[in-house]
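Report on one structure; see the data block that follows.
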Amino acid sequence: MRLVIRPDPEAASRYIANYIVDRINAFAPSAERPFVLGLPTGSSPLLIYRFLIAAYAAGRVSFRDVVTFNMDEYVALPRDHPESYHSFMFTNFFSHIDIPASQVHILDGNPPDNDYAAECLRYEAAIREVGGIELFLGGVGSDGHIAFNEPGSSLASRTRIKSLAPETRRANARFFGNNPEAVPQMALTVGVATVMDAREVVIVATGASKASAIQQAVEGSVSHMCTLSCLQMHPCSLVVVDEEATLECKVKTVQYFRGVEQTAREASQVQSAVAATAIAQTPPPRLHTLNTNVAMADAADGELTPDSMSSRISPSPKMKMLSVRSATIPFALMRQQS
Ligand code: GLP
């Protein structure tokens with residue numbers, strides 16, 4: 001797991017939006033081979049969606065060949081209710097980009113005959129059919145839940161119906177006239193294992209209310225009481241936070257991850273300089289040899305290897321890996337500006 005710390009929610013969101021844009025562009029999706037993106041709702045991703053919309057408007061990215069799967073949806077809330085996750089996603093994102101509606105997948109909280117089990121099976125099958133999720137973007141609840149996998153959820157869980165914890169209903173009451181009772185009691189949600197199946201998971205967490213969850217997920221043990229902690233077992237997970245969300249982490253932890261990023265940035269500059277010099281000095285026939293030499297380093301420790309990270313991403317120099325301290329960091333990551 002990597003932890004990227006930015007000063008405030010805006011910088012954290014911009015980092016993630018740029019990261020996603022780079023991922024989509026590096027993948028070079030087509031109609032036959034779309035980029036499959038998992039998406040969350042909540043306040044935390046809102047700024048990310050705004051930055052992604054701006055990137056689309058500026059011509060930096062297209063979502064024409066992107067297929068999306070949302071994490072969850074309330075049960076029995078009408079689809080056109082302003083607080084349904086269908087409404088949320090179209091209002092805040094899909095209506096502003098070029099994704100065809102047929103490529104958007106959101107769980108149906110009102111399935112035929114209220115057959116929630118069938119709806120969840122259908123959703124898992126649809127994910128499989130399109131080849132799995134390339135990048136799952138997620139938020140986190142104040143109790144450490146990922147999607148709606150509340151404390152105690154099986155870390156092997158799949159898409160299913162879940163009752164919502166009182167803390168979650170209280171937290172989401174702000175969208176329902178500040179009345180926790182008005183928040184639906186149940187939701188359909190992808191499981192922890194569904195998220196873990198994604199080739200890459202990126203989490204956003206901002207604000208002091210997420211500090212305890214981040215501390216548990218980053219410094220604590222893997223536990224079903226904080227389902228976000230499952231990401232410690234994921235070969236390619238990235239948690240992007242603002243400073244407030246680190247308030248309960250040890251200073252030592254924060255410094256460690258800042259150091260990892262700093263080292264990676266410096267290594268990236270060295271690598272760029274070496275590559276530029278090598279290309280400038282070398283006649284074309286020898287480029288292949290040289291490229292191999294300056295690739296510097298496929299992962300030494302098995303973490304974030306090209307295999308686990310980018311098996312479906314078009315080979316690109318951007319995706320070369322560098323081993324830095326104990327972390328192995330994708331080259332693309334190190335180019336990100338805050
Ligand atoms: C809900 C969603 C989660 C989201 C969480 C945090 O519980 N199901 O996917 O991560 O809210 O939301 P917010 O970003 O508003 O704090």
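All residue names refer to the structure tokens as shown: chains lettered A, B, ... in order, residues numbered from 1 in each chain, ligands numbered from 1 in order.
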Residues contacting ligand 1 - anything with an atom at most 10 Å away, using only C-alpha atoms and all ligand atoms - can you give me those as a PyMOL selection string? chain A and resi 39-46+70-74+85+137-150+164-165+167-169+171-172+174-175+187-190+203-207+209-210+228
Please produce a file of those selected residues containing C-alpha atoms, as an mmCIF file, in the first residue's frame.
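After the write, again10.cif holds the following:
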```cif
data_model
loop_
_atom_site.group_PDB
_atom_site.id
_atom_site.type_symbol
_atom_site.label_atom_id
_atom_site.label_comp_id
_atom_site.auth_asym_id
_atom_site.auth_seq_id
_atom_site.Cartn_x
_atom_site.Cartn_y
_atom_site.Cartn_z
ATOM 1 C CA LEU A 39 -16.446 4.388 -8.953
ATOM 2 C CA PRO A 40 -17.697 5.580 -5.575
ATOM 3 C CA THR A 41 -20.234 8.088 -4.329
ATOM 4 C CA GLY A 42 -20.020 10.344 -1.270
ATOM 5 C CA SER A 43 -18.648 13.824 -0.721
ATOM 6 C CA SER A 44 -15.003 12.819 -1.002
ATOM 7 C CA PRO A 45 -14.960 11.985 -4.725
ATOM 8 C CA LEU A 46 -16.925 15.098 -5.742
ATOM 9 C CA ASN A 70 -20.356 1.835 -9.175
ATOM 10 C CA MET A 71 -19.711 0.493 -5.724
ATOM 11 C CA ASP A 72 -23.164 0.543 -4.228
ATOM 12 C CA GLU A 73 -26.756 1.712 -4.209
ATOM 13 C CA TYR A 74 -29.436 2.149 -1.564
ATOM 14 C CA TYR A 85 -26.536 6.899 -6.190
ATOM 15 C CA LEU A 137 -11.635 4.305 -7.050
ATOM 16 C CA GLY A 138 -13.132 4.302 -3.567
ATOM 17 C CA GLY A 139 -13.803 6.446 -0.546
ATOM 18 C CA VAL A 140 -13.954 5.329 3.048
ATOM 19 C CA GLY A 141 -16.557 5.648 5.764
ATOM 20 C CA SER A 142 -15.645 7.100 9.148
ATOM 21 C CA ASP A 143 -15.802 3.557 10.560
ATOM 22 C CA GLY A 144 -13.344 2.332 7.936
ATOM 23 C CA HIS A 145 -15.874 0.779 5.568
ATOM 24 C CA ILE A 146 -15.115 0.456 1.895
ATOM 25 C CA ALA A 147 -18.168 0.670 -0.409
ATOM 26 C CA PHE A 148 -20.859 -0.402 2.125
ATOM 27 C CA ASN A 149 -18.768 -3.184 3.666
ATOM 28 C CA GLU A 150 -19.480 -2.249 7.240
ATOM 29 C CA LEU A 164 -26.114 -0.110 7.171
ATOM 30 C CA ALA A 165 -24.406 0.578 10.493
ATOM 31 C CA GLU A 167 -22.730 5.324 12.309
ATOM 32 C CA THR A 168 -23.064 5.246 8.538
ATOM 33 C CA ARG A 169 -26.720 6.267 8.672
ATOM 34 C CA ALA A 171 -22.972 10.191 8.689
ATOM 35 C CA ASN A 172 -25.232 10.098 5.625
ATOM 36 C CA ARG A 174 -26.784 15.144 6.031
ATOM 37 C CA PHE A 175 -28.157 14.155 2.631
ATOM 38 C CA ALA A 187 -27.886 -1.140 0.460
ATOM 39 C CA LEU A 188 -26.533 -3.322 -2.277
ATOM 40 C CA THR A 189 -22.771 -3.188 -2.322
ATOM 41 C CA VAL A 190 -19.841 -4.776 -4.061
ATOM 42 C CA ILE A 203 -8.764 5.442 -2.231
ATOM 43 C CA VAL A 204 -9.506 9.054 -1.361
ATOM 44 C CA ALA A 205 -9.914 10.111 2.269
ATOM 45 C CA THR A 206 -9.995 13.688 3.431
ATOM 46 C CA GLY A 207 -10.796 15.430 6.680
ATOM 47 C CA SER A 209 -13.436 12.473 10.420
ATOM 48 C CA LYS A 210 -11.483 9.901 8.386
ATOM 49 C CA LEU A 228 -10.340 -0.658 4.197
#
```
Quick one: residues within 9 Å of segment 232-246 of chain A, only C-alpha atoms, excluding same-chain residues fewer than 6 positions away - as a ChimeraX atom specification? /A:1-13,15-16,196-197,199-215,217-218,221-222,254,302-305,308-309
DSSP helix (DSSP H, G or I) residues within segment 161-193 of chain A, as a VMD selection string: chain A and resid 166 to 175 180 to 182 192 to 193
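If you measure from each of A:Pro166, A:Arg128, A:Leu37, A:Pro111 to Glu181 of chain A using only C-alpha atoms, the closest one turns out to be A:Pro166.
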Mind checking DSSP for segment 2-242 of chain A and telling me the strand (DSSP E or B) residues as a ChimeraX atom specification? /A:2-6,35-39,66-70,72-74,104-105,135-138,146,149,160-163,186-189,200-205,223,226,237-242
Please write the residues from the selection above to a file, keeping C-alpha atoms, as an mmCIF file, in the first residue's frame.
```cif
data_model
loop_
_atom_site.group_PDB
_atom_site.id
_atom_site.type_symbol
_atom_site.label_atom_id
_atom_site.label_comp_id
_atom_site.auth_asym_id
_atom_site.auth_seq_id
_atom_site.Cartn_x
_atom_site.Cartn_y
_atom_site.Cartn_z
ATOM 1 C CA ARG A 2 1.198 3.489 -0.765
ATOM 2 C CA LEU A 3 0.070 6.531 1.155
ATOM 3 C CA VAL A 4 0.204 9.856 -0.687
ATOM 4 C CA ILE A 5 -0.336 12.923 1.480
ATOM 5 C CA ARG A 6 -1.399 16.258 0.104
ATOM 6 C CA PHE A 35 -10.911 0.684 -19.645
ATOM 7 C CA VAL A 36 -13.021 -0.598 -16.758
ATOM 8 C CA LEU A 37 -13.308 1.889 -13.929
ATOM 9 C CA GLY A 38 -14.903 1.282 -10.518
ATOM 10 C CA LEU A 39 -16.446 4.388 -8.953
ATOM 11 C CA VAL A 66 -14.545 3.560 -20.538
ATOM 12 C CA VAL A 67 -16.948 1.188 -18.800
ATOM 13 C CA THR A 68 -17.905 1.971 -15.206
ATOM 14 C CA PHE A 69 -19.188 -0.007 -12.246
ATOM 15 C CA ASN A 70 -20.356 1.835 -9.175
ATOM 16 C CA ASP A 72 -23.164 0.543 -4.228
ATOM 17 C CA GLU A 73 -26.756 1.712 -4.209
ATOM 18 C CA TYR A 74 -29.436 2.149 -1.564
ATOM 19 C CA VAL A 104 -22.497 2.809 -17.012
ATOM 20 C CA HIS A 105 -23.309 0.103 -14.456
ATOM 21 C CA LEU A 135 -8.926 0.588 -11.428
ATOM 22 C CA PHE A 136 -11.356 0.827 -8.532
ATOM 23 C CA LEU A 137 -11.635 4.305 -7.050
ATOM 24 C CA GLY A 138 -13.132 4.302 -3.567
ATOM 25 C CA ILE A 146 -15.115 0.456 1.895
ATOM 26 C CA ASN A 149 -18.768 -3.184 3.666
ATOM 27 C CA ARG A 160 -24.684 -8.556 -1.784
ATOM 28 C CA ILE A 161 -27.316 -6.797 0.302
ATOM 29 C CA LYS A 162 -26.091 -5.224 3.552
ATOM 30 C CA SER A 163 -27.727 -3.453 6.454
ATOM 31 C CA MET A 186 -30.107 -1.414 3.487
ATOM 32 C CA ALA A 187 -27.886 -1.140 0.460
ATOM 33 C CA LEU A 188 -26.533 -3.322 -2.277
ATOM 34 C CA THR A 189 -22.771 -3.188 -2.322
ATOM 35 C CA GLU A 200 -5.537 -1.437 -8.921
ATOM 36 C CA VAL A 201 -7.373 0.275 -6.060
ATOM 37 C CA VAL A 202 -7.160 4.010 -5.363
ATOM 38 C CA ILE A 203 -8.764 5.442 -2.231
ATOM 39 C CA VAL A 204 -9.506 9.054 -1.361
ATOM 40 C CA ALA A 205 -9.914 10.111 2.269
ATOM 41 C CA SER A 223 -9.220 -6.631 10.193
ATOM 42 C CA CYS A 226 -11.952 -1.796 9.276
ATOM 43 C CA SER A 237 -3.231 -0.051 -3.728
ATOM 44 C CA LEU A 238 -2.850 3.670 -3.307
ATOM 45 C CA VAL A 239 -4.440 5.735 -0.538
ATOM 46 C CA VAL A 240 -4.481 9.482 -1.157
ATOM 47 C CA VAL A 241 -5.266 11.664 1.833
ATOM 48 C CA ASP A 242 -5.104 15.248 2.967
#
```
Coordinates-based distance that separates atom CA of Val21 of chain A from atom CA of Phe93 of chain A (Å, one decimal):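 Computing it gives 14.5 Å between the two atoms.
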